[in-house]
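K.L.:
Dropping in work19.csv, with CSV, C-alpha atoms.
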chain,number,residue,atom,x,y,z
A,1,MET,CA,-39.6,168.0,243.7
A,2,HIS,CA,-40.8,168.4,247.3
A,3,LEU,CA,-40.1,165.9,250.0
A,4,ALA,CA,-41.4,166.1,253.5
A,5,ALA,CA,-39.0,165.5,256.4
A,6,ALA,CA,-40.7,162.2,257.1
A,7,ASP,CA,-40.2,161.1,253.5
A,8,LEU,CA,-36.5,162.0,253.6
A,9,ALA,CA,-35.9,160.2,256.9
A,10,ALA,CA,-37.7,157.2,255.5
A,11,LEU,CA,-35.7,157.2,252.3
A,12,ILE,CA,-32.4,157.4,254.3
A,13,ALA,CA,-33.6,154.4,256.4
A,14,LEU,CA,-34.6,152.5,253.3
A,15,CYS,CA,-31.2,153.2,251.5
A,16,ARG,CA,-29.3,152.1,254.6
A,17,ALA,CA,-31.4,148.9,254.9
A,18,GLU,CA,-30.9,148.1,251.2
A,19,ILE,CA,-27.1,148.6,251.4
A,20,ASP,CA,-27.0,146.5,254.6
A,21,ARG,CA,-28.9,143.7,253.0
A,22,HIS,CA,-26.7,143.6,249.9
A,23,GLY,CA,-23.4,144.6,251.5
A,24,ALA,CA,-21.9,141.1,251.3
A,25,HIS,CA,-22.9,140.8,247.6
A,26,LEU,CA,-21.4,144.2,246.8
A,27,SER,CA,-18.1,143.2,248.5
A,28,ALA,CA,-18.1,139.9,246.6
A,29,LEU,CA,-18.5,141.8,243.3
A,30,ASP,CA,-15.7,144.0,244.4
A,31,SER,CA,-13.5,141.1,245.4
A,32,ALA,CA,-13.8,139.8,241.8
A,33,ILE,CA,-12.3,142.9,240.2
A,34,GLY,CA,-11.1,145.2,243.0
A,35,ASP,CA,-10.2,145.3,246.6
A,36,GLY,CA,-13.3,143.8,248.1
A,37,ASP,CA,-14.4,146.5,250.4
A,38,HIS,CA,-17.2,148.2,248.5
A,39,GLY,CA,-20.0,146.7,250.7
A,40,ALA,CA,-18.2,147.5,253.9
A,41,ASN,CA,-17.5,151.1,252.8
A,42,MET,CA,-21.0,151.7,251.7
A,43,ARG,CA,-22.4,150.3,254.9
A,44,ARG,CA,-20.2,152.6,256.9
A,45,GLY,CA,-21.3,155.6,254.8
A,46,LEU,CA,-25.0,154.8,255.0
A,47,GLU,CA,-24.8,154.0,258.8
A,48,ALA,CA,-23.3,157.5,259.3
A,49,VAL,CA,-26.1,159.1,257.3
A,50,PHE,CA,-28.7,157.1,259.2
A,51,ALA,CA,-27.2,158.2,262.5
A,52,GLU,CA,-27.8,161.8,261.5
A,53,ARG,CA,-31.2,161.3,259.7
A,54,ASP,CA,-33.3,163.4,262.0
A,55,SER,CA,-31.1,166.5,261.7
A,56,ILE,CA,-30.7,166.0,258.0
A,57,ALA,CA,-34.4,165.5,257.4
A,58,ARG,CA,-35.2,168.8,259.1
A,59,LEU,CA,-33.1,170.7,256.4
A,60,PRO,CA,-34.6,172.0,253.2
A,61,LEU,CA,-34.0,169.4,250.4
A,62,PRO,CA,-31.0,171.1,248.8
A,63,ALA,CA,-29.1,171.5,252.1
A,64,ALA,CA,-30.1,168.0,253.2
A,65,LEU,CA,-28.6,166.5,250.0
A,66,GLU,CA,-25.4,168.5,250.4
A,67,LYS,CA,-25.1,167.3,254.0
A,68,ILE,CA,-25.7,163.7,253.0
A,69,GLY,CA,-23.0,164.0,250.4
A,70,LEU,CA,-20.6,165.4,253.0
A,71,VAL,CA,-21.3,162.6,255.5
A,72,LEU,CA,-20.8,160.1,252.7
A,73,VAL,CA,-17.5,161.6,251.7
A,74,MET,CA,-16.3,161.6,255.3
A,75,ASN,CA,-17.3,158.0,255.9
A,76,ILE,CA,-17.4,155.8,252.8
A,77,GLY,CA,-13.7,156.4,251.9
A,78,GLY,CA,-12.4,154.2,249.2
A,79,ALA,CA,-13.1,155.1,245.6
A,80,ALA,CA,-16.9,155.4,246.1
A,81,GLY,CA,-16.8,158.1,248.8
A,82,PRO,CA,-15.7,160.9,246.6
A,83,LEU,CA,-18.0,159.8,243.8
A,84,TYR,CA,-21.2,159.4,245.8
A,85,GLY,CA,-20.2,162.5,247.9
A,86,THR,CA,-19.7,164.6,244.8
A,87,LEU,CA,-23.0,163.5,243.3
A,88,LEU,CA,-25.1,164.4,246.4
A,89,MET,CA,-23.2,167.6,247.2
A,90,GLU,CA,-23.4,168.9,243.7
A,91,LEU,CA,-27.0,167.9,243.4
A,92,GLY,CA,-27.8,169.9,246.6
A,93,ARG,CA,-25.8,172.9,245.5
A,94,GLY,CA,-27.4,172.8,242.1
A,95,LEU,CA,-30.9,172.7,243.6
A,96,ALA,CA,-30.0,175.5,246.0
A,97,ALA,CA,-28.7,177.7,243.2
A,98,GLN,CA,-32.0,177.3,241.3
A,99,GLY,CA,-34.0,178.7,244.1
A,100,CYS,CA,-37.8,178.2,243.7
A,101,GLY,CA,-37.7,177.2,240.0
A,102,GLU,CA,-36.2,173.8,240.9
A,103,ASP,CA,-35.4,171.7,237.9
A,104,PHE,CA,-34.3,168.4,239.3
A,105,ALA,CA,-33.2,166.9,236.0
A,106,ALA,CA,-31.0,169.8,235.2
A,107,ALA,CA,-29.4,169.7,238.6
A,108,LEU,CA,-28.9,166.0,238.4
A,109,GLU,CA,-27.3,166.4,234.9
A,110,ARG,CA,-24.7,168.8,236.3
A,111,ALA,CA,-24.1,166.6,239.4
A,112,VAL,CA,-23.5,163.5,237.2
A,113,ALA,CA,-21.1,165.6,235.1
A,114,ALA,CA,-19.2,166.5,238.3
A,115,VAL,CA,-18.9,162.8,239.2
A,116,ALA,CA,-17.5,162.2,235.8
A,117,ARG,CA,-14.9,164.9,236.3
A,118,ARG,CA,-14.1,163.6,239.8
A,119,GLY,CA,-13.5,160.1,238.5
A,120,ARG,CA,-12.0,161.3,235.2
A,121,SER,CA,-14.4,158.8,233.6
A,122,GLY,CA,-17.1,158.7,231.0
A,123,PRO,CA,-19.7,156.3,229.6
A,124,GLY,CA,-18.6,152.7,229.1
A,125,ASP,CA,-15.7,152.8,231.6
A,126,LYS,CA,-17.5,150.3,233.9
A,127,THR,CA,-18.3,152.6,236.7
A,128,LEU,CA,-21.4,153.9,238.5
A,129,LEU,CA,-21.6,156.5,235.7
A,130,ASP,CA,-22.9,153.7,233.5
A,131,VAL,CA,-26.0,153.6,235.8
A,132,LEU,CA,-26.2,157.4,236.4
A,133,TYR,CA,-26.3,158.4,232.8
A,134,PRO,CA,-29.3,156.3,231.8
A,135,VAL,CA,-31.1,157.1,235.0
A,136,GLN,CA,-30.6,160.8,234.3
A,137,ALA,CA,-31.9,160.3,230.8
A,138,GLU,CA,-35.0,158.6,232.1
A,139,ILE,CA,-35.6,161.4,234.6
A,140,VAL,CA,-35.4,164.0,231.7
A,141,ARG,CA,-38.1,161.9,230.0
A,142,ARG,CA,-40.2,162.0,233.2
A,143,SER,CA,-40.4,158.2,233.1
A,144,ALA,CA,-42.3,156.5,235.9
A,145,PRO,CA,-40.3,155.4,239.0
A,146,GLY,CA,-40.8,151.7,238.2
A,147,HIS,CA,-39.4,152.2,234.7
A,148,ILE,CA,-36.4,154.2,236.1
A,149,ALA,CA,-35.7,151.4,238.6
A,150,ALA,CA,-35.8,148.7,235.9
A,151,CYS,CA,-33.5,150.8,233.7
A,152,ALA,CA,-31.0,151.2,236.6
A,153,ARG,CA,-30.9,147.5,237.2
A,154,SER,CA,-30.4,146.7,233.6
A,155,ALA,CA,-27.7,149.3,233.2
A,156,ALA,CA,-25.8,147.8,236.2
A,157,GLN,CA,-26.0,144.4,234.6
A,158,SER,CA,-24.8,145.8,231.3
A,159,THR,CA,-21.5,146.7,233.0
A,160,GLN,CA,-20.7,143.0,233.0
A,161,ALA,CA,-19.8,143.1,229.3
A,162,MET,CA,-17.6,146.2,229.8
A,163,GLN,CA,-13.8,146.3,230.3
A,164,ALA,CA,-12.8,148.6,233.2
A,165,ARG,CA,-10.9,151.7,232.2
A,166,ARG,CA,-10.9,153.4,235.6
A,167,GLY,CA,-10.1,152.3,239.1
A,168,ARG,CA,-8.4,149.2,240.3
A,169,ALA,CA,-10.4,146.9,238.1
A,170,SER,CA,-8.7,148.5,235.1
A,171,PHE,CA,-5.5,146.8,236.2
A,172,LEU,CA,-7.1,143.5,235.2
A,173,GLY,CA,-7.6,144.6,231.6
A,174,ALA,CA,-9.8,142.2,229.7
A,175,ARG,CA,-10.2,140.0,232.8
A,176,SER,CA,-12.5,142.6,234.2
A,177,ILE,CA,-15.1,141.6,231.6
A,178,GLY,CA,-17.8,139.3,232.8
A,179,HIS,CA,-18.2,140.9,236.2
A,180,GLU,CA,-20.7,143.5,237.2
A,181,ASP,CA,-19.2,146.7,238.5
A,182,PRO,CA,-19.8,147.0,242.2
A,183,GLY,CA,-20.3,150.8,242.1
A,184,ALA,CA,-22.8,150.4,239.3
A,185,SER,CA,-24.5,147.7,241.3
A,186,SER,CA,-24.8,149.8,244.5
A,187,CYS,CA,-26.0,152.8,242.4
A,188,ALA,CA,-28.8,150.6,240.9
A,189,LEU,CA,-29.8,149.2,244.3
A,190,LEU,CA,-30.1,152.7,245.7
A,191,THR,CA,-31.9,154.1,242.7
A,192,ALA,CA,-34.4,151.2,242.7
A,193,ALA,CA,-35.0,151.6,246.4
A,194,ILE,CA,-35.7,155.3,246.1
A,195,CYS,CA,-37.9,154.8,243.0
A,196,GLY,CA,-39.8,152.1,244.9
A,197,TYR,CA,-40.5,154.5,247.7
A,198,LEU,CA,-41.6,157.3,245.4
A,199,ALA,CA,-43.9,155.0,243.4
A,200,GLU,CA,-45.6,153.9,246.6
A,201,HIS,CA,-45.8,157.1,248.6
A,202,ARG,CA,-45.6,159.9,246.1
A,203,PRO,CA,-47.2,159.0,242.8
A,204,LEU,CA,-45.7,161.5,240.3
B,1,MET,CA,-5.3,155.4,261.4
B,2,ASN,CA,-5.1,159.0,262.1
B,3,ALA,CA,-2.5,161.3,260.6
B,4,ARG,CA,0.8,161.4,262.3
B,5,ALA,CA,3.3,164.2,262.2
B,6,ALA,CA,6.4,162.2,261.6
B,7,GLN,CA,8.5,164.6,263.7
B,8,PRO,CA,8.0,168.0,265.3
B,9,SER,CA,8.2,170.3,262.3
B,10,ALA,CA,8.1,173.8,263.8
B,11,PRO,CA,11.6,174.8,262.9
B,12,ALA,CA,11.1,173.9,259.2
B,13,ALA,CA,7.9,175.7,258.5
B,14,ALA,CA,9.5,177.9,255.8
B,15,ASN,CA,10.1,174.8,253.6
B,16,VAL,CA,7.4,173.1,251.6
B,17,GLY,CA,5.7,170.4,253.6
B,18,ILE,CA,5.3,166.7,252.4
B,19,VAL,CA,2.2,164.5,253.0
B,20,ILE,CA,2.1,160.8,252.3
B,21,VAL,CA,-1.3,159.1,251.7
B,22,SER,CA,-1.4,155.4,251.3
B,23,HIS,CA,-4.1,152.7,251.5
B,24,SER,CA,-1.7,151.0,253.9
B,25,PRO,CA,-0.7,152.4,257.3
B,26,LEU,CA,2.5,150.5,257.0
B,27,VAL,CA,3.4,151.8,253.6
B,28,ALA,CA,2.6,155.3,254.7
B,29,LYS,CA,4.8,155.1,257.8
B,30,GLY,CA,7.6,153.3,255.8
B,31,ALA,CA,7.6,155.9,253.1
B,32,ALA,CA,7.7,158.7,255.8
B,33,ASP,CA,10.7,156.9,257.5
B,34,MET,CA,12.5,157.0,254.2
B,35,VAL,CA,11.8,160.7,253.7
B,36,ARG,CA,13.0,161.4,257.3
B,37,GLN,CA,16.2,159.5,256.7
B,38,MET,CA,16.9,161.6,253.7
B,39,VAL,CA,16.1,165.1,255.0
B,40,GLY,CA,16.0,164.9,258.8
B,41,ASP,CA,13.5,167.3,260.3
B,42,CYS,CA,14.1,170.3,258.1
B,43,VAL,CA,10.9,169.5,256.1
B,44,PRO,CA,7.4,169.4,257.6
B,45,LEU,CA,6.2,165.8,257.1
B,46,ALA,CA,3.1,163.9,257.9
B,47,PHE,CA,1.5,160.6,256.8
B,48,THR,CA,-1.8,158.9,256.8
B,49,GLY,CA,-2.8,155.4,255.8
B,50,GLY,CA,-5.8,153.2,256.2
B,51,ASN,CA,-9.6,153.8,256.4
B,52,ALA,CA,-11.4,155.2,259.4
B,53,GLU,CA,-11.4,151.8,261.0
B,54,GLY,CA,-7.7,151.2,260.5
B,55,GLY,CA,-8.1,148.7,257.7
B,56,LEU,CA,-6.7,149.2,254.2
B,57,GLY,CA,-8.1,152.2,252.5
B,58,THR,CA,-8.1,156.0,252.7
B,59,HIS,CA,-10.3,158.6,254.4
B,60,VAL,CA,-10.8,162.3,254.1
B,61,ALA,CA,-10.5,163.2,257.7
B,62,GLY,CA,-7.1,161.5,258.1
B,63,ILE,CA,-5.8,163.2,255.0
B,64,ALA,CA,-7.1,166.6,256.2
B,65,ALA,CA,-5.3,166.0,259.5
B,66,ALA,CA,-2.1,165.1,257.8
B,67,ILE,CA,-2.2,168.3,255.6
B,68,GLU,CA,-2.7,170.3,258.8
B,69,ALA,CA,0.2,168.5,260.6
B,70,ALA,CA,2.6,169.2,257.7
B,71,TRP,CA,1.3,172.7,257.0
B,72,SER,CA,3.8,175.2,255.7
B,73,GLU,CA,3.2,178.7,254.5
B,74,ALA,CA,5.3,177.7,251.5
B,75,GLY,CA,2.7,175.0,250.7
B,76,VAL,CA,2.2,171.3,250.9
B,77,ALA,CA,3.0,168.5,248.3
B,78,VAL,CA,0.8,165.4,248.7
B,79,PHE,CA,1.8,162.0,247.5
B,80,VAL,CA,-0.8,159.3,246.9
B,81,ASP,CA,-0.8,155.6,245.9
B,82,LEU,CA,-3.9,154.3,244.2
B,83,GLY,CA,-7.1,156.0,242.9
B,84,GLY,CA,-9.1,156.4,246.1
B,85,ALA,CA,-6.1,158.0,247.8
B,86,GLU,CA,-6.1,160.6,245.0
B,87,THR,CA,-9.8,161.4,244.9
B,88,ASN,CA,-10.1,161.4,248.7
B,89,SER,CA,-7.1,163.8,248.8
B,90,GLU,CA,-8.9,166.1,246.3
B,91,MET,CA,-11.9,166.1,248.6
B,92,ALA,CA,-9.7,167.0,251.6
B,93,VAL,CA,-8.1,169.8,249.7
B,94,GLU,CA,-11.4,171.2,248.5
B,95,ARG,CA,-12.6,171.4,252.1
B,96,LEU,CA,-9.8,173.8,253.1
B,97,ASP,CA,-10.4,177.4,252.8
B,98,PRO,CA,-9.6,178.5,249.2
B,99,ALA,CA,-6.5,180.5,250.2
B,100,ARG,CA,-5.0,177.4,251.8
B,101,ALA,CA,-6.3,175.0,249.1
B,102,ALA,CA,-4.3,176.9,246.5
B,103,ARG,CA,-1.1,176.1,248.3
B,104,VAL,CA,-1.7,172.3,248.3
B,105,ALA,CA,-0.6,170.2,245.3
B,106,ILE,CA,-1.5,166.5,244.8
B,107,CYS,CA,1.5,165.2,242.8
B,108,ASN,CA,1.4,162.8,239.9
B,109,ALA,CA,4.4,160.9,241.0
B,110,PRO,CA,5.2,157.5,242.5
B,111,LEU,CA,4.6,157.5,246.3
B,112,VAL,CA,8.0,156.6,247.7
B,113,GLU,CA,10.3,157.9,245.1
B,114,GLY,CA,8.2,161.1,244.6
B,115,ALA,CA,8.0,161.9,248.3
B,116,VAL,CA,11.8,161.3,248.9
B,117,ILE,CA,12.9,163.4,245.9
B,118,ALA,CA,10.3,166.1,246.7
B,119,ALA,CA,11.5,166.3,250.3
B,120,ALA,CA,15.1,166.6,249.1
B,121,GLU,CA,14.1,169.5,246.8
B,122,ALA,CA,12.0,171.1,249.6
B,123,SER,CA,14.9,170.9,252.1
B,124,GLY,CA,16.8,173.4,249.9
B,125,GLY,CA,14.0,175.9,250.2
B,126,SER,CA,12.5,175.4,246.8
B,127,SER,CA,9.0,176.7,245.9
B,128,LEU,CA,6.0,174.4,245.9
B,129,ALA,CA,5.9,174.6,242.1
B,130,LYS,CA,9.6,173.5,241.9
B,131,VAL,CA,9.1,170.7,244.4
B,132,VAL,CA,6.1,169.3,242.5
B,133,ALA,CA,7.9,169.6,239.1
B,134,THR,CA,10.9,167.7,240.4
B,135,ALA,CA,8.7,164.9,241.7
B,136,GLU,CA,6.6,164.7,238.6
B,137,GLU,CA,9.6,164.3,236.4
B,138,LEU,CA,9.6,160.7,237.7
B,139,SER,CA,6.2,160.0,236.0
B,140,PRO,CA,6.0,159.2,232.3
B,141,ARG,CA,4.1,161.8,230.4
Before we go any further, please render this structure as structure tokens.
P.N.:
Amino acid sequence: MHLAAADLAALIALCRAEIDRHGAHLSALDSAIGDGDHGANMRRGLEAVFAERDSIARLPLPAALEKIGLVLVMNIGGAAGPLYGTLLMELGRGLAAQGCGEDFAAALERAVAAVARRGRSGPGDKTLLDVLYPVQAEIVRRSAPGHIAACARSAAQSTQAMQARRGRASFLGARSIGHEDPGASSCALLTAAICGYLAEHRPL
Amino acid sequence: MNARAAQPSAPAAANVGIVIVSHSPLVAKGAADMVRQMVGDCVPLAFTGGNAEGGLGTHVAGIAAAIEAAWSEAGVAVFVDLGGAETNSEMAVERLDPARAARVAICNAPLVEGAVIAAAEASGGSSLAKVVATAEELSPR
């Protein structure tokens, strides 16, 4: 995958706008089963990335992704900071290690596995991994961006039926069932925004 | 809230340091007060609580600063409350150079009781491994 600096800067702006637009909703989802700060934390993280978008966009894609991950870690905080940060940093490192023969799907698979280790979580635990796993599978299949976006949204919705086994929502036991996981929700929003951009600007 | 060194800790640098990480600045400070009451200033001690804006939460920079403030060549034992405090502490440790990171342990122990008992153990000059083991005896296996 090759992205021009202008594409990367535009994607950062798009992700920031998407999180800003849905921040209150993300916090409301988090209030239902957690501590209610997911929207505010994600906004803080994306604002920080947005502030550095010009210098980030000038980097080669692997280094840019790693830098975005670091900025997210240092600014989101909460439970999501280490998870999103690990995802982006490992994705960047994975792509860098591959050199010219970039295999985005393979690097993403390893990055998602690193997120699972960081959160000590797996499929069905009602976390953002329940979006990342199906998205990663669609990318392996080289699905169209529109299909990947729809898959991400549907995966986030499917966390409603799950009982949380990690994070503060797990303290609620069965009462966590019936609420969409805020991390899965933000992950689907960002995935859909990125896919929408790629479908429009860079037909695969 | 930024990390605070609870007391000047220069004379005690041979003992294992203690770091307290809570989502709440007040909990972090209160736990540190209890540690200080127990061991005086013979153990390096620092605490951090709250997110970057001072609200409830945790953040990597604050945790990194606390580890720096409580640094001891004997190592540092970190005590955390809820999930994000643990994973953000992991990120802070991983950002240290590897030789230092190997001398920081995030303890699986209750925040207040763990920090107090670890500090008591550290005040006798115990190794990092011994300090961590003593605190982790408090947690059910």
K.L.:
With a distance threshold of 9 Å and counting only C-alpha atoms, extract the residues of chain A near chain B and express them as a PyMOL selection string.
P.N.:
chain A and resi 37+73-83+86+118-119+166-168
K.L.:
For Ala70 (chain B), list every protein, DNA or RNA residue within 7 Å, evaluated using all atoms listed in the file, and leave out those in the same chain fewer than 5 positions away; present the list as a list in words.
P.N.:
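Everything that qualifies: Ala5, Gly17, Ile18, Val19, Pro44, Leu45 and Ala46 of chain B.
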K.L.:
Would you mind reading off the distance between CA of Val16 (chain B) and CA of Gly114 (chain B), one decimal, in Å?
P.N.:
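One can read the CA of Val16 (chain B) to CA of Gly114 (chain B) distance as 13.9 Å.
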K.L.:
For region 196-202 of chain A, please output as a count of residues only all residues within 12 Å (counting all atoms listed in the file; exclusion window: fewer than 6 positions along the same chain).
P.N.:
26
K.L.:
Could you please determine the separation between CA of Val116 (chain B) and CA of Thr134 (chain B) in Å, to one decimal place?
P.N.:
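These atoms are spaced 10.7 Å apart.
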K.L.:
Pick the closest to His38 (chain A) from A:Gln98, A:Gln160, A:Ser186, A:Gln136: which is it, counting only C-alpha atoms?
P.N.:
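Closest to His38 (chain A) of all the choices is A:Ser186.
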K.L.:
Ranking B:Leu96, B:Cys42, B:Ala28, B:Ala109 by minimum distance to Gly125 (chain B) and counting all atoms listed in the file, which one comes first?
P.N.:
B:Cys42
K.L.:
Within 8 Å of Val80 (chain B), counting only C-alpha atoms, which residues show up once you throw out same-chain ones fewer than 4 positions away? Write them as a list in words, please.
P.N.:
Ile20, Val21, Ser22, Ala85, Glu86, Ser89, Ile106, Cys107, Pro110 and Leu111 of chain B
K.L.:
What's the separation between CA of Gly178 (chain A) and CA of Met162 (chain A), in Å to one decimal place?
P.N.:
7.5 Å
